[in-house]
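*Asks:* Have a look at the structure that comes next, please.
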Amino acid sequence: MFGRIAPRYDLLNHLLSLNIDRYWRARTVSRVARILTRPGARVLDVACGTGDLTAALHRRSERARVFGSDFCHPMLVTAKSKLAHGQRLFEADALQLPLAAGSFDLVTIAFGFRNLSNYREGLTELRRVLKPGGTLAILEFSTPSNPLITQAYRFYSRAVLPAVGGLISGSREAYTYLPESVRKFPDAQGLADQMRDAGFENVRFERMTAGIVALHTGEALGQRH
Ligand SMILES: C[S@@+](CC[C@H](N)C(=O)[O-])C[C@H]1O[C@@H](n2cnc3c(N)ncnc32)[C@H](O)[C@@H]1O
């Protein structure tokens, strides 16, 4: 499914979010900027798709090394054309990363976590590859708290997203799956609780754009491999 939408993925992201997706990623980068400016920091953007967050992390980093991974080859092909020299991409399932434990200071995942088949396993795996004291940042769709916004958002995601997304990408299925997967995803508090259960500490979240999206961060302090 991701392979089919890869060629039009960026266009649709910007169009369907009215370009607000750029702000969500920029805000995420700002929130982790202190890690990006640390000399020698190692950063992994998991489920990086076409690499917009990977590239934004790299632009903000000074001497950090930024890597991107995804299990969908066509997404990585698009990402490669955007990334700066020195940035590395690799193909990998987020649930089974081909990486040694304790490898990264920062792991990010934007709009990818929701798609994992098992959130608990995903959190355990992302935590495994973090160094002690490393940070996980999850940018993901969430549940707006205002009922009026929830209604409007529901209409938009059930009627407009599949129609426009299907027409432009050629895969109506992918843009029907999107609102369905958001509906089934835990709310911001629920995701924070799951992060704590998986051993993350100092878990925090901030809602953006009336709660349509939330950014969660947590630290892997004492490692449990
Ligand atoms: C909605 S896109 C988000 C891409 C990008 N992070 C962004 O901000 O636009 C979701 C991405 O997650 C990837 N993905 C989903 N499940 C995955 C998994 N188990 N392992 C690795 N990548 C996965 C898909 O291939 C897709 O590129």
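Residues in the structure tokens are named by chain (A, B, ... in the order shown) and by number from 1 within that chain; ligands are numbered from 1 in the order shown.
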Using only C-alpha atoms and all ligand atoms, which residues have at least one atom no more than 10 Å from ligand 1? Output them as a count of residues only.
*Replies:* 58
*Asks:* Taking the backbone alone, and naming residues the way the document does, which bits of chain A are strand (DSSP E or B) by DSSP, as a PyMOL selection string?
*Replies:* chain A and resi 42-46+65-70+88-91+104-110+130-141+201-208+213-220
*Asks:* Residues as selected, C-alpha atoms, written as a PDB file, in the first residue's frame, can you do that?
*Replies:*
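Below is the file result-v9.pdb, written as the result:
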```pdb
ATOM      1  CA  ARG A  42      23.337   9.730  16.498  1.00  0.00           C
ATOM      2  CA  VAL A  43      19.775  10.146  15.306  1.00  0.00           C
ATOM      3  CA  LEU A  44      17.446   7.633  13.633  1.00  0.00           C
ATOM      4  CA  ASP A  45      14.206   8.595  11.888  1.00  0.00           C
ATOM      5  CA  VAL A  46      12.202   5.337  11.757  1.00  0.00           C
ATOM      6  CA  ARG A  65      24.628  11.910  12.200  1.00  0.00           C
ATOM      7  CA  VAL A  66      21.089  11.432  10.973  1.00  0.00           C
ATOM      8  CA  PHE A  67      19.869   8.091   9.566  1.00  0.00           C
ATOM      9  CA  GLY A  68      16.494   7.184   8.079  1.00  0.00           C
ATOM     10  CA  SER A  69      14.854   3.762   7.827  1.00  0.00           C
ATOM     11  CA  ASP A  70      11.645   2.410   6.346  1.00  0.00           C
ATOM     12  CA  ARG A  88      22.199   7.272   5.371  1.00  0.00           C
ATOM     13  CA  LEU A  89      18.991   5.415   4.561  1.00  0.00           C
ATOM     14  CA  PHE A  90      18.311   1.741   5.079  1.00  0.00           C
ATOM     15  CA  GLU A  91      15.445  -0.640   4.567  1.00  0.00           C
ATOM     16  CA  PHE A 104      21.093   6.210  19.177  1.00  0.00           C
ATOM     17  CA  ASP A 105      20.681   9.400  21.178  1.00  0.00           C
ATOM     18  CA  LEU A 106      17.394  10.191  19.474  1.00  0.00           C
ATOM     19  CA  VAL A 107      14.832   8.058  17.636  1.00  0.00           C
ATOM     20  CA  THR A 108      11.944   9.772  15.862  1.00  0.00           C
ATOM     21  CA  ILE A 109       8.906   8.318  14.130  1.00  0.00           C
ATOM     22  CA  ALA A 110       6.421  10.567  12.346  1.00  0.00           C
ATOM     23  CA  LEU A 130      18.291   4.021  22.232  1.00  0.00           C
ATOM     24  CA  LYS A 131      21.340   4.729  24.346  1.00  0.00           C
ATOM     25  CA  PRO A 132      20.673   5.038  28.080  1.00  0.00           C
ATOM     26  CA  GLY A 133      19.284   8.555  28.425  1.00  0.00           C
ATOM     27  CA  GLY A 134      18.215   8.622  24.769  1.00  0.00           C
ATOM     28  CA  THR A 135      14.936  10.164  23.641  1.00  0.00           C
ATOM     29  CA  LEU A 136      12.055   8.782  21.592  1.00  0.00           C
ATOM     30  CA  ALA A 137       9.824  11.303  19.792  1.00  0.00           C
ATOM     31  CA  ILE A 138       6.545  10.085  18.269  1.00  0.00           C
ATOM     32  CA  LEU A 139       4.639  12.489  16.028  1.00  0.00           C
ATOM     33  CA  GLU A 140       1.255  10.973  15.261  1.00  0.00           C
ATOM     34  CA  PHE A 141      -2.384  11.696  14.543  1.00  0.00           C
ATOM     35  CA  GLU A 201      10.426   7.852  31.627  1.00  0.00           C
ATOM     36  CA  ASN A 202       9.713  11.590  31.631  1.00  0.00           C
ATOM     37  CA  VAL A 203       6.941  10.950  29.121  1.00  0.00           C
ATOM     38  CA  ARG A 204       5.338  14.158  27.876  1.00  0.00           C
ATOM     39  CA  PHE A 205       3.028  15.096  25.062  1.00  0.00           C
ATOM     40  CA  GLU A 206       1.825  18.239  23.406  1.00  0.00           C
ATOM     41  CA  ARG A 207      -1.211  18.523  21.206  1.00  0.00           C
ATOM     42  CA  MET A 208      -1.014  20.485  17.981  1.00  0.00           C
ATOM     43  CA  VAL A 213      -1.795  15.624  15.977  1.00  0.00           C
ATOM     44  CA  ALA A 214       0.259  15.008  19.121  1.00  0.00           C
ATOM     45  CA  LEU A 215       3.980  14.889  19.762  1.00  0.00           C
ATOM     46  CA  HIS A 216       5.038  12.470  22.485  1.00  0.00           C
ATOM     47  CA  THR A 217       8.522  12.296  23.940  1.00  0.00           C
ATOM     48  CA  GLY A 218       9.988   9.888  26.448  1.00  0.00           C
ATOM     49  CA  GLU A 219      13.424   8.940  27.711  1.00  0.00           C
ATOM     50  CA  ALA A 220      15.033   5.523  27.959  1.00  0.00           C
TER      51      ALA A 220
END
```
*Asks:* Mind the document's chain letters and residue numbers, and return as a PyMOL selection string the residues of stretch 3-209 of chain A that DSSP labels helix (DSSP H, G or I).
*Replies:* chain A and resi 3-16+20-31+33-36+52-60+73-82+113-115+119-128+147-169+172-184+188-197+209
*Asks:* Within 9 Å of A:Gly170, counting only C-alpha atoms, which residues qualify if same-chain residues fewer than 4 places away don't, as a list in words?
*Replies:*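 Answer for this query is Arg4, Ile5, Gly165 and Gly166 of chain A.
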*Asks:* Find the spatial neighbours of A:Tyr175, counting only C-alpha atoms, within a cut-off of 8 Å - ignore same-chain residues fewer than 2 positions away - and output them as a PyMOL selection string.
*Replies:* chain A and resi 161-162+165-166+171-173+177-179
